[in-house]
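As provided, run_8.cif (mmCIF, C-alpha atoms) reads as follows.
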data_input
loop_
_atom_site.label_atom_id
_atom_site.label_comp_id
_atom_site.auth_asym_id
_atom_site.auth_seq_id
_atom_site.Cartn_x
_atom_site.Cartn_y
_atom_site.Cartn_z
CA MET A 184 -45.71 33.79 7.15
CA GLU A 185 -47.42 35.66 4.31
CA HIS A 186 -48.18 38.55 6.65
CA ILE A 187 -44.53 38.79 7.74
CA GLN A 188 -43.37 38.86 4.12
CA LYS A 189 -45.80 41.63 3.18
CA LEU A 190 -44.75 43.59 6.25
CA ILE A 191 -41.01 43.44 5.58
CA GLU A 192 -41.63 44.27 1.92
CA LYS A 193 -43.51 47.41 2.94
CA LEU A 194 -40.81 48.41 5.41
CA SER A 195 -37.90 47.59 3.10
CA ASN A 196 -39.27 49.61 0.19
CA ALA A 197 -39.82 52.67 2.41
CA HIS A 198 -37.03 55.22 2.85
CA GLY A 199 -35.65 56.41 6.17
CA ILE A 200 -31.95 57.00 6.84
CA SER A 201 -30.53 57.83 10.26
CA GLY A 202 -32.15 60.99 11.62
CA SER A 203 -34.99 60.86 9.09
CA GLU A 204 -36.97 57.82 10.20
CA ASN A 205 -40.41 59.43 9.82
CA ASN A 206 -41.64 57.14 7.04
CA ILE A 207 -40.68 54.02 8.95
CA ARG A 208 -42.09 55.32 12.21
CA ASN A 209 -45.43 56.02 10.50
CA ILE A 210 -45.59 52.48 9.11
CA MET A 211 -44.62 50.94 12.44
CA GLU A 212 -47.18 53.02 14.29
CA GLU A 213 -49.95 52.10 11.86
CA GLU A 214 -49.11 48.39 11.98
CA ILE A 215 -48.58 48.04 15.74
CA ARG A 216 -51.32 50.33 17.08
CA PRO A 217 -54.10 47.66 17.17
CA TYR A 218 -52.00 45.43 19.43
CA VAL A 219 -50.88 47.83 22.18
CA ASP A 220 -52.45 49.93 24.91
CA ASP A 221 -50.45 53.10 24.37
CA ILE A 222 -48.21 54.55 21.69
CA ARG A 223 -46.12 57.71 21.64
CA THR A 224 -43.07 59.30 20.06
CA ASP A 225 -40.42 60.64 22.43
CA LYS A 226 -38.34 63.81 22.01
CA ASN A 227 -35.62 62.00 20.07
CA GLY A 228 -38.04 60.41 17.60
CA ASN A 229 -38.20 56.90 19.06
CA LEU A 230 -41.58 55.19 18.74
CA ILE A 231 -42.63 53.59 22.04
CA ALA A 232 -45.57 51.17 21.92
CA THR A 233 -46.66 49.78 25.29
CA LYS A 234 -48.64 46.67 26.15
CA LYS A 235 -49.42 47.00 29.84
CA GLY A 236 -49.02 44.24 32.41
CA SER A 237 -48.57 43.87 36.15
CA GLY A 238 -45.17 42.16 36.12
CA PRO A 239 -41.62 43.06 35.06
CA THR A 240 -40.94 45.46 32.20
CA ILE A 241 -39.29 44.25 29.00
CA MET A 242 -37.96 46.47 26.22
CA LEU A 243 -37.89 45.17 22.66
CA ALA A 244 -35.68 47.52 20.64
CA ALA A 245 -35.62 47.49 16.83
CA HIS A 246 -33.85 50.32 15.05
CA MET A 247 -35.80 51.94 12.24
CA ASP A 248 -32.98 53.68 10.40
CA GLU A 249 -31.03 52.52 7.37
CA ILE A 250 -27.62 53.68 6.22
CA GLY A 251 -27.79 56.36 3.54
CA LEU A 252 -26.28 59.54 2.16
CA MET A 253 -26.80 63.28 2.51
CA VAL A 254 -26.38 66.13 0.03
CA LYS A 255 -23.23 68.12 0.81
CA TYR A 256 -22.80 70.31 -2.26
CA ILE A 257 -24.38 71.01 -5.66
CA ASP A 258 -21.89 72.13 -8.31
CA ASP A 259 -22.55 74.69 -11.05
CA ASN A 260 -23.48 71.94 -13.52
CA GLY A 261 -26.08 70.41 -11.20
CA PHE A 262 -24.07 67.39 -10.08
CA ILE A 263 -24.52 66.50 -6.41
CA ARG A 264 -21.75 65.63 -3.98
CA PHE A 265 -22.67 63.70 -0.85
CA VAL A 266 -21.44 62.36 2.47
CA LYS A 267 -22.06 58.86 3.78
CA VAL A 268 -24.42 58.36 6.72
CA GLY A 269 -23.52 55.08 8.40
CA GLY A 270 -21.17 52.27 7.50
CA TRP A 271 -20.87 52.04 3.72
CA PHE A 272 -18.32 50.03 1.76
CA ASP A 273 -17.63 52.59 -0.96
CA GLN A 274 -17.60 50.14 -3.88
CA THR A 275 -21.20 49.21 -3.05
CA LEU A 276 -22.34 52.70 -4.02
CA TYR A 277 -20.85 53.01 -7.49
CA ASN A 278 -23.46 53.02 -10.30
CA GLN A 279 -26.43 52.64 -7.96
CA ARG A 280 -29.79 54.35 -8.44
CA VAL A 281 -30.83 56.61 -5.57
CA VAL A 282 -33.80 58.53 -4.22
CA ILE A 283 -33.24 62.07 -2.95
CA ASN A 284 -35.94 63.02 -0.48
CA THR A 285 -37.01 66.64 -0.95
CA GLU A 286 -39.85 68.88 0.15
CA ASN A 287 -41.18 68.58 -3.40
CA GLY A 288 -41.19 64.79 -3.19
CA PRO A 289 -38.68 62.10 -4.15
CA ILE A 290 -36.16 62.82 -6.89
CA LYS A 291 -34.49 59.89 -8.68
CA GLY A 292 -30.83 59.91 -9.62
CA VAL A 293 -27.80 57.74 -10.27
CA ILE A 294 -24.36 57.62 -8.67
CA GLY A 295 -21.64 58.19 -11.23
CA ALA A 296 -17.88 58.66 -11.35
CA LYS A 297 -15.10 58.98 -13.88
CA PRO A 298 -15.70 56.21 -16.46
CA PRO A 299 -13.06 53.47 -16.77
CA HIS A 300 -12.63 54.27 -20.48
CA VAL A 301 -10.73 57.44 -19.59
CA MET A 302 -8.90 56.12 -16.51
CA SER A 303 -5.21 55.40 -16.54
CA ASP A 304 -4.19 51.78 -16.12
CA GLU A 305 -3.02 52.62 -12.60
CA ASP A 306 -6.37 54.22 -11.67
CA LYS A 307 -8.27 51.17 -12.92
CA LYS A 308 -6.52 49.06 -10.29
CA LYS A 309 -7.79 51.25 -7.45
CA PRO A 310 -11.29 51.12 -5.93
CA ILE A 311 -13.33 54.28 -6.53
CA LYS A 312 -13.83 56.25 -3.33
CA ALA A 313 -17.19 57.74 -2.38
CA GLU A 314 -15.58 61.19 -2.32
CA ASP A 315 -14.89 60.83 -6.05
CA MET A 316 -18.49 59.92 -6.87
CA PHE A 317 -21.42 62.22 -7.56
CA ILE A 318 -25.16 62.00 -8.15
CA ASP A 319 -26.67 62.86 -11.52
CA ILE A 320 -30.40 63.71 -11.50
CA GLY A 321 -30.44 65.07 -15.04
CA ALA A 322 -30.33 68.68 -13.85
CA LYS A 323 -29.22 71.36 -16.32
CA ASP A 324 -27.32 73.30 -13.68
CA LYS A 325 -27.26 74.12 -9.97
CA GLU A 326 -30.35 76.36 -10.17
CA ASP A 327 -32.30 73.62 -11.92
CA ALA A 328 -31.36 71.08 -9.23
CA GLU A 329 -32.40 73.49 -6.49
CA ASN A 330 -35.69 74.26 -8.25
CA LEU A 331 -36.39 70.52 -8.30
CA GLY A 332 -36.09 70.61 -4.50
CA VAL A 333 -32.56 69.37 -3.88
CA GLN A 334 -30.71 71.28 -1.19
CA VAL A 335 -27.79 70.85 1.16
CA GLY A 336 -28.98 68.43 3.84
CA SER A 337 -31.42 66.50 1.65
CA THR A 338 -31.35 62.82 2.60
CA ILE A 339 -30.56 60.11 0.06
CA SER A 340 -31.31 56.39 0.06
CA LEU A 341 -30.83 53.62 -2.47
CA ASP A 342 -33.55 52.96 -5.04
CA ARG A 343 -34.00 49.20 -4.75
CA ASP A 344 -37.22 47.19 -4.32
CA PHE A 345 -37.94 44.05 -2.31
CA GLU A 346 -38.02 40.75 -4.21
CA PRO A 347 -38.90 37.23 -3.05
CA LEU A 348 -36.41 34.52 -3.96
CA ALA A 349 -36.49 30.70 -3.90
CA ASN A 350 -37.09 28.63 -0.76
CA GLY A 351 -38.49 31.41 1.39
CA PHE A 352 -35.48 33.69 0.86
CA MET A 353 -36.01 37.41 0.24
CA THR A 354 -33.79 40.26 -0.91
CA GLY A 355 -34.02 44.03 -0.60
CA LYS A 356 -32.45 47.09 0.93
CA ALA A 357 -32.51 47.97 4.63
CA PHE A 358 -33.32 44.51 5.99
CA ASP A 359 -30.86 45.86 8.57
CA ASN A 360 -33.03 46.59 10.38
CA ARG A 361 -36.51 46.53 8.91
CA ALA A 362 -36.41 42.79 9.67
CA GLY A 363 -36.18 43.63 13.37
CA VAL A 364 -39.02 46.15 13.10
CA ALA A 365 -41.22 43.56 11.38
CA VAL A 366 -40.40 40.99 14.07
CA ALA A 367 -41.31 43.47 16.84
CA ILE A 368 -44.67 44.23 15.22
CA GLU A 369 -45.44 40.53 14.73
CA ILE A 370 -44.53 39.72 18.36
CA MET A 371 -47.02 42.30 19.61
CA LYS A 372 -49.63 40.95 17.22
CA GLN A 373 -49.14 37.39 18.47
CA LEU A 374 -49.34 38.47 22.11
CA SER A 375 -52.59 40.35 21.49
CA LYS A 376 -54.22 37.21 20.06
CA MET A 377 -53.42 35.01 23.08
CA ASP A 378 -56.13 34.24 25.60
CA VAL A 379 -53.72 34.17 28.53
CA ASP A 380 -52.62 36.54 31.27
CA ILE A 381 -49.49 38.22 29.97
CA LYS A 382 -47.80 39.53 33.09
CA PRO A 383 -44.88 41.64 31.82
CA THR A 384 -45.29 45.16 30.53
CA ILE A 385 -43.82 45.18 27.04
CA TYR A 386 -42.25 48.24 25.42
CA ALA A 387 -41.87 47.71 21.67
CA VAL A 388 -39.50 50.52 20.69
CA GLY A 389 -38.61 51.61 17.18
CA THR A 390 -35.29 53.32 17.83
CA VAL A 391 -33.61 56.04 15.79
CA GLN A 392 -30.01 56.62 14.70
CA GLU A 393 -28.64 53.17 15.55
CA GLU A 394 -26.40 53.18 12.50
CA VAL A 395 -24.62 56.34 13.64
CA GLY A 396 -24.05 55.59 17.31
CA LEU A 397 -26.93 53.68 18.94
CA LYS A 398 -28.40 57.03 19.91
CA GLY A 399 -32.12 56.31 20.11
CA ALA A 400 -31.60 53.15 22.15
CA ARG A 401 -29.59 55.08 24.70
CA THR A 402 -32.20 57.80 25.26
CA SER A 403 -35.29 55.56 25.14
CA ALA A 404 -33.79 53.02 27.54
CA PHE A 405 -32.92 55.81 29.97
CA GLY A 406 -36.52 57.01 29.91
CA LEU A 407 -38.13 53.57 30.19
CA ASN A 408 -35.60 51.97 32.58
CA PRO A 409 -36.89 48.42 31.88
CA ASP A 410 -36.06 45.33 33.92
CA ALA A 411 -34.72 43.56 30.82
CA ALA A 412 -34.14 44.30 27.15
CA ILE A 413 -33.87 42.39 23.89
CA ALA A 414 -32.56 44.12 20.79
CA LEU A 415 -34.03 42.78 17.53
CA ASP A 416 -31.56 43.11 14.66
CA THR A 417 -29.63 41.34 11.91
CA THR A 418 -26.24 39.65 11.90
CA ILE A 419 -23.71 38.14 9.52
CA PRO A 420 -23.83 34.44 8.56
CA GLY A 421 -20.86 32.44 7.35
CA ASP A 422 -22.63 30.27 4.79
CA HIS A 423 -21.59 31.79 1.46
CA PRO A 424 -18.36 32.19 -0.53
CA GLY A 425 -15.86 34.70 0.79
CA ILE A 426 -16.37 34.02 4.49
CA GLU A 427 -15.28 31.06 6.61
CA LYS A 428 -17.16 29.30 9.38
CA LYS A 429 -14.39 30.26 11.79
CA ASP A 430 -15.43 33.88 11.22
CA SER A 431 -19.15 33.14 11.55
CA ALA A 432 -20.70 29.71 12.15
CA LEU A 433 -24.22 31.04 11.52
CA GLU A 434 -26.38 29.79 8.67
CA ILE A 435 -29.49 31.23 7.06
CA GLY A 436 -32.54 29.05 7.65
CA GLU A 437 -31.24 27.48 10.87
CA GLY A 438 -33.17 29.72 13.26
CA CYS A 439 -32.80 33.11 14.88
CA VAL A 440 -29.57 34.04 16.63
CA ILE A 441 -29.01 34.63 20.34
CA THR A 442 -26.02 36.89 21.06
CA VAL A 443 -23.61 35.90 23.81
CA MET A 444 -21.03 38.56 22.92
CA ASP A 445 -20.40 40.89 20.01
CA ALA A 446 -17.57 43.18 18.92
CA GLY A 447 -15.14 41.09 20.95
CA GLY A 448 -16.72 42.41 24.15
CA ARG A 449 -16.22 46.02 23.11
CA GLY A 450 -19.94 46.04 22.36
CA LEU A 451 -22.25 43.71 24.27
CA ILE A 452 -21.40 40.97 26.72
CA ALA A 453 -24.92 39.66 27.14
CA ASP A 454 -26.43 39.12 30.57
CA LYS A 455 -26.07 35.40 31.37
CA ASN A 456 -29.56 35.10 32.83
CA ILE A 457 -31.13 36.68 29.73
CA VAL A 458 -29.21 34.25 27.50
CA LYS A 459 -30.34 31.34 29.69
CA TRP A 460 -33.94 32.56 29.51
CA LEU A 461 -33.89 32.71 25.72
CA LYS A 462 -32.04 29.40 25.26
CA GLU A 463 -34.26 27.44 27.64
CA THR A 464 -37.40 28.93 26.09
CA GLY A 465 -36.22 27.79 22.66
CA ASP A 466 -35.38 24.30 23.93
CA GLU A 467 -38.67 23.86 25.78
CA ASN A 468 -40.72 24.91 22.74
CA ASP A 469 -38.66 23.25 19.98
CA ILE A 470 -37.89 26.62 18.40
CA PRO A 471 -34.70 26.58 16.30
CA TYR A 472 -32.00 29.04 17.32
CA GLN A 473 -28.27 29.61 16.92
CA MET A 474 -25.70 31.04 19.32
CA ASP A 475 -23.30 33.79 18.31
CA VAL A 476 -20.01 35.13 19.61
CA SER A 477 -18.51 37.69 17.25
CA ASP A 478 -15.54 40.02 17.04
CA GLY A 479 -17.21 42.76 15.00
CA GLY A 480 -20.49 44.63 14.81
CA THR A 481 -22.92 45.44 17.58
CA THR A 482 -26.55 46.44 18.20
CA ASP A 483 -28.79 48.67 20.30
CA ALA A 484 -28.25 46.26 23.21
CA THR A 485 -24.77 47.71 23.71
CA ALA A 486 -26.18 51.12 24.57
CA ILE A 487 -29.13 49.74 26.52
CA HIS A 488 -27.17 47.45 28.84
CA ILE A 489 -25.00 50.29 30.20
CA THR A 490 -27.87 52.77 30.66
CA ARG A 491 -28.58 54.01 34.19
CA GLU A 492 -27.27 51.39 36.64
CA GLY A 493 -27.38 48.74 33.92
CA ILE A 494 -30.18 46.87 32.14
CA PRO A 495 -29.81 43.09 31.60
CA SER A 496 -29.81 42.63 27.82
CA SER A 497 -29.15 40.39 24.86
CA THR A 498 -29.92 40.43 21.14
CA ILE A 499 -32.07 38.24 18.93
CA SER A 500 -30.87 38.56 15.35
CA ILE A 501 -31.79 37.37 11.87
CA ALA A 502 -28.83 35.97 9.91
CA THR A 503 -28.65 38.21 6.84
CA ARG A 504 -26.26 38.01 3.90
CA TYR A 505 -24.71 41.11 2.29
CA ILE A 506 -25.57 43.51 5.14
CA HIS A 507 -25.11 47.22 4.35
CA SER A 508 -25.78 46.70 0.66
CA PRO A 509 -28.86 47.17 -1.54
CA VAL A 510 -29.25 43.39 -1.92
CA GLU A 511 -29.45 42.09 1.64
CA LEU A 512 -30.84 38.56 1.85
CA LEU A 513 -32.58 36.59 4.60
CA SER A 514 -35.01 33.74 5.24
CA ILE A 515 -38.60 34.17 6.35
CA ASP A 516 -38.18 31.00 8.45
CA ASP A 517 -35.59 32.77 10.62
CA MET A 518 -37.93 35.73 11.10
CA LYS A 519 -40.67 33.34 12.23
CA SER A 520 -38.21 31.68 14.61
CA ALA A 521 -37.41 35.08 16.16
CA VAL A 522 -41.10 35.91 16.58
CA ASP A 523 -41.85 32.55 18.16
CA LEU A 524 -38.87 32.60 20.52
CA VAL A 525 -39.42 36.09 21.89
CA THR A 526 -43.19 35.61 22.16
CA LYS A 527 -42.75 32.39 24.15
CA ALA A 528 -40.04 34.02 26.28
CA ILE A 529 -42.42 36.82 27.25
CA LEU A 530 -44.86 34.16 28.47
CA ASN A 531 -42.04 32.49 30.40
CA THR A 532 -40.63 35.20 32.65
CA GLU A 533 -41.43 33.94 36.14
CA LYS A 534 -38.22 31.90 36.57
CA TYR A 535 -35.93 34.53 35.09
CA LEU A 536 -37.10 38.13 35.75
#

Now, as a test, write the supplied structure out as structure tokens.
Amino acid sequence: MEHIQKLIEKLSNAHGISGSENNIRNIMEEEIRPYVDDIRTDKNGNLIATKKGSGPTIMLAAHMDEIGLMVKYIDDNGFIRFVKVGGWFDQTLYNQRVVINTENGPIKGVIGAKPPHVMSDEDKKKPIKAEDMFIDIGAKDKEDAENLGVQVGSTISLDRDFEPLANGFMTGKAFDNRAGVAVAIEIMKQLSKMDVDIKPTIYAVGTVQEEVGLKGARTSAFGLNPDAAIALDTTIPGDHPGIEKKDSALEIGEGCVITVMDAGGRGLIADKNIVKWLKETGDENDIPYQMDVSDGGTTDATAIHITREGIPSSTISIATRYIHSPVELLSIDDMKSAVDLVTKAILNTEKYL
């Protein structure tokens, strides 16, 4: 448990938005290398770690990227305009601290906008749009900002550190999906410690650009063509104010989540045999889990399951509050549940794959 917490803290505090996952890939490679037989990075930037076996092939996909921003324009006074990369709720961005990643190293800044003191009463009633915000790094002018290393195309992520909370809860940025990456690493670690014949070949894949179109999952699955796939990700619980159980019956601390369908079927309709495999493994080993059918949101499994002639897939998720914000929140118990369930499932393939 302590190892998992240290691992997700390390991953959460690192910066890597869609298309710039290098930092996360380096951490994942360093952490997972002792537990696999082969590790490589494909042309699209996906990290593929392989534990060889003689049986069926199973892909574990965990996306490495986080939502972020990118520099679009630097005005004459040194203020930086940006575009969103991934699914932001604009109000989440206002007055946040950020890190701009440059060739000269990280540059700190803050997101500002017109202050409410000088807004009209009508403007105060309206949410501030991202297009009306800017980043202030303390630059004197455009030339000063550029000399510091900021340029069009520089990537930007939120400046927020991991913190443990009460009762095994944790908060930080980018738990979507550094939680899944941490679970993938821990699964491979657990498998390497077992004195048993592990028949399947396991591909633990850190995928890129999930937040902007499930791109890395699509290309890596095409190349690997596994017999089955499990995406490791996060999902939305319905256990806090502002959301009703009819919208999500999931609760933090009640176990990992097995997806039956997401995005109302526009995303993944999970393979029934894969769902049965995961459910029966949980039941046989007294591992807590929850079942999820949702109308919104999807994961890498959506791209994987329609690759080539089709790859039987489902998703194991961690229920996470406040997804796509700098204060995402989850339980370490649910991460442990995910590790245990997938590890036991890998040892239990004969009846299903």

So which one's closest to Glu463 (chain A), A:Ile489, A:Met247, A:Ile222, A:Ala528? Using only C-alpha atoms, please.
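Between A:Ile489, A:Met247, A:Ile222, A:Ala528, the residue approaching Glu463 (chain A) most closely is A:Ala528.
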
Do a neighbour search on region 271-274 of chain A at 10 Å with all atoms listed in the file, toss out local chain neighbours closer than 3 positions, and write the hits as a list in words.
Ile250, Gly251, Leu252, Lys267, Val268, Tyr277, Asn278, Pro310, Ile311, Lys312, Ala313, Glu314, Met316, Ile506, His507 and Ser508 of chain A

With C-alpha atoms kept, could you save the residues just selected as a PDB file, in the coordinates of the input?
ATOM      1  CA  ILE A 250     -27.620  53.680   6.220  1.00  0.00           C
ATOM      2  CA  GLY A 251     -27.790  56.360   3.540  1.00  0.00           C
ATOM      3  CA  LEU A 252     -26.280  59.540   2.160  1.00  0.00           C
ATOM      4  CA  LYS A 267     -22.060  58.860   3.780  1.00  0.00           C
ATOM      5  CA  VAL A 268     -24.420  58.360   6.720  1.00  0.00           C
ATOM      6  CA  TYR A 277     -20.850  53.010  -7.490  1.00  0.00           C
ATOM      7  CA  ASN A 278     -23.460  53.020 -10.300  1.00  0.00           C
ATOM      8  CA  PRO A 310     -11.290  51.120  -5.930  1.00  0.00           C
ATOM      9  CA  ILE A 311     -13.330  54.280  -6.530  1.00  0.00           C
ATOM     10  CA  LYS A 312     -13.830  56.250  -3.330  1.00  0.00           C
ATOM     11  CA  ALA A 313     -17.190  57.740  -2.380  1.00  0.00           C
ATOM     12  CA  GLU A 314     -15.580  61.190  -2.320  1.00  0.00           C
ATOM     13  CA  MET A 316     -18.490  59.920  -6.870  1.00  0.00           C
ATOM     14  CA  ILE A 506     -25.570  43.510   5.140  1.00  0.00           C
ATOM     15  CA  HIS A 507     -25.110  47.220   4.350  1.00  0.00           C
ATOM     16  CA  SER A 508     -25.780  46.700   0.660  1.00  0.00           C
TER      17      SER A 508
END

Shortest interatomic distance to Ser500 (chain A) - which of A:Arg361, A:Lys226, A:Arg449, A:Lys459, counting only C-alpha atoms
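Using only C-alpha atoms, Ser500 (chain A) sits closest to A:Arg361.
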
Provide the CA of Ile283 (chain A) to CA of Val254 (chain A) distance in Å, to one decimal place.
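Those two atoms sit 8.5 Å apart.
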
Between region 407-469 of chain A and region 378-396 of chain A, at 12 Å or less, what are the per-residue closest atom pairs and their distances in Å? Count all atoms listed in the file, order by chain and rising residue number, and return it as CSV.
residue,atom,partner,partner_atom,distance
A:Leu407,CA,A:Tyr386,CA,8.3
A:Asn408,CA,A:Tyr386,CA,10.5
A:Pro409,CA,A:Tyr386,CA,8.4
A:Asp410,CA,A:Pro383,CA,9.8
A:Ala411,CA,A:Ile385,CA,10.0
A:Ala412,CA,A:Tyr386,CA,9.2
A:Ile413,CA,A:Ala387,CA,9.9
A:Ala414,CA,A:Val388,CA,9.4
A:Leu415,CA,A:Gly389,CA,10.0
A:Asp416,CA,A:Glu393,CA,10.5
A:Gly450,CA,A:Gly396,CA,11.6

Smallest atom-to-atom distance to Ile263 (chain A): which of A:Glu533, A:Glu213, A:Asp327, A:Asp306, using only C-alpha atoms?
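With only C-alpha atoms as the atom set, the closest residue is A:Asp327.
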
Just give me the gap between CA of Arg401 (chain A) and CA of Thr240 (chain A) in Å, one decimal is fine.
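CA of Thr240 (chain A) lies at a distance of 16.7 Å from CA of Arg401 (chain A).
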
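Ranking A:Lys519, A:Leu461, A:Ile452, A:Ala486 by their shortest atom-to-atom distance to Ile370 (chain A), with only C-alpha atoms included, puts A:Lys519 first.
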
Using only C-alpha atoms, find the one residue out of A:Leu190, A:Ala432, A:Met302, A:Ile499 that sits nearest to Ile515 (chain A).
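So, comparing all the options, the nearest one is A:Leu190.
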
Quick one: apply the PyMOL selection byres ((chain A and resi 348) around 12) to the file and drop the selected residues here as a list in words.
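After applying the PyMOL selection byres ((chain A and resi 348) around 12), what remains is Gln188, Phe345, Glu346, Pro347, Ala349, Asn350, Gly351, Phe352, Met353, Thr354, Gly355, Val510, Glu511, Leu512, Leu513, Ser514 and Ile515 of chain A.
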
Tell me which of A:Ala357, A:Val281, A:Thr464, A:Met371 sits closest to Met253 (chain A), counting all atoms listed in the file.
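Closest to Met253 (chain A), using all atoms listed in the file: A:Val281.
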
Residues picked by the PyMOL selection byres ((chain A and resi 420) around 12) here, as a VMD selection string?
chain A and resid 417 to 419 421 to 440 473 to 477 500 to 506 511 to 514

Report, in Å with one decimal, the straight-line distance from CA of Tyr472 (chain A) to CA of Asp516 (chain A).
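About the pair CA of Tyr472 (chain A) and CA of Asp516 (chain A): they are 11.0 Å apart.
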
Pull out every residue that the PyMOL selection byres ((chain A and resi 210) around 10) matches in the shown coordinates and put them as an mmCIF file with C-alpha atoms, keeping the file's coordinate frame.
data_model
loop_
_atom_site.group_PDB
_atom_site.id
_atom_site.type_symbol
_atom_site.label_atom_id
_atom_site.label_comp_id
_atom_site.auth_asym_id
_atom_site.auth_seq_id
_atom_site.Cartn_x
_atom_site.Cartn_y
_atom_site.Cartn_z
ATOM 1 C CA LEU A 190 -44.750 43.590 6.250
ATOM 2 C CA LYS A 193 -43.510 47.410 2.940
ATOM 3 C CA LEU A 194 -40.810 48.410 5.410
ATOM 4 C CA ALA A 197 -39.820 52.670 2.410
ATOM 5 C CA ASN A 205 -40.410 59.430 9.820
ATOM 6 C CA ASN A 206 -41.640 57.140 7.040
ATOM 7 C CA ILE A 207 -40.680 54.020 8.950
ATOM 8 C CA ARG A 208 -42.090 55.320 12.210
ATOM 9 C CA ASN A 209 -45.430 56.020 10.500
ATOM 10 C CA MET A 211 -44.620 50.940 12.440
ATOM 11 C CA GLU A 212 -47.180 53.020 14.290
ATOM 12 C CA GLU A 213 -49.950 52.100 11.860
ATOM 13 C CA GLU A 214 -49.110 48.390 11.980
ATOM 14 C CA ILE A 215 -48.580 48.040 15.740
ATOM 15 C CA VAL A 364 -39.020 46.150 13.100
#

Residues near region 320-326 of chain A, anyone? I mean within 12 Å using only C-alpha atoms, not counting same-chain ones fewer than 5 positions away, as a PyMOL selection string.
chain A and resi 256-264+280-283+289-295+331-335

Neighbours of Asp523 (chain A) within 9 Å (only C-alpha atoms; same-chain residues fewer than 2 positions away dropped), as a list of chain:residue names?
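Residues meeting the cut-off are A:Ile370, A:Gln373, A:Gly465, A:Asn468, A:Ile470, A:Met518, A:Lys519, A:Ser520, A:Ala521, A:Val525, A:Thr526, A:Lys527, A:Ala528.
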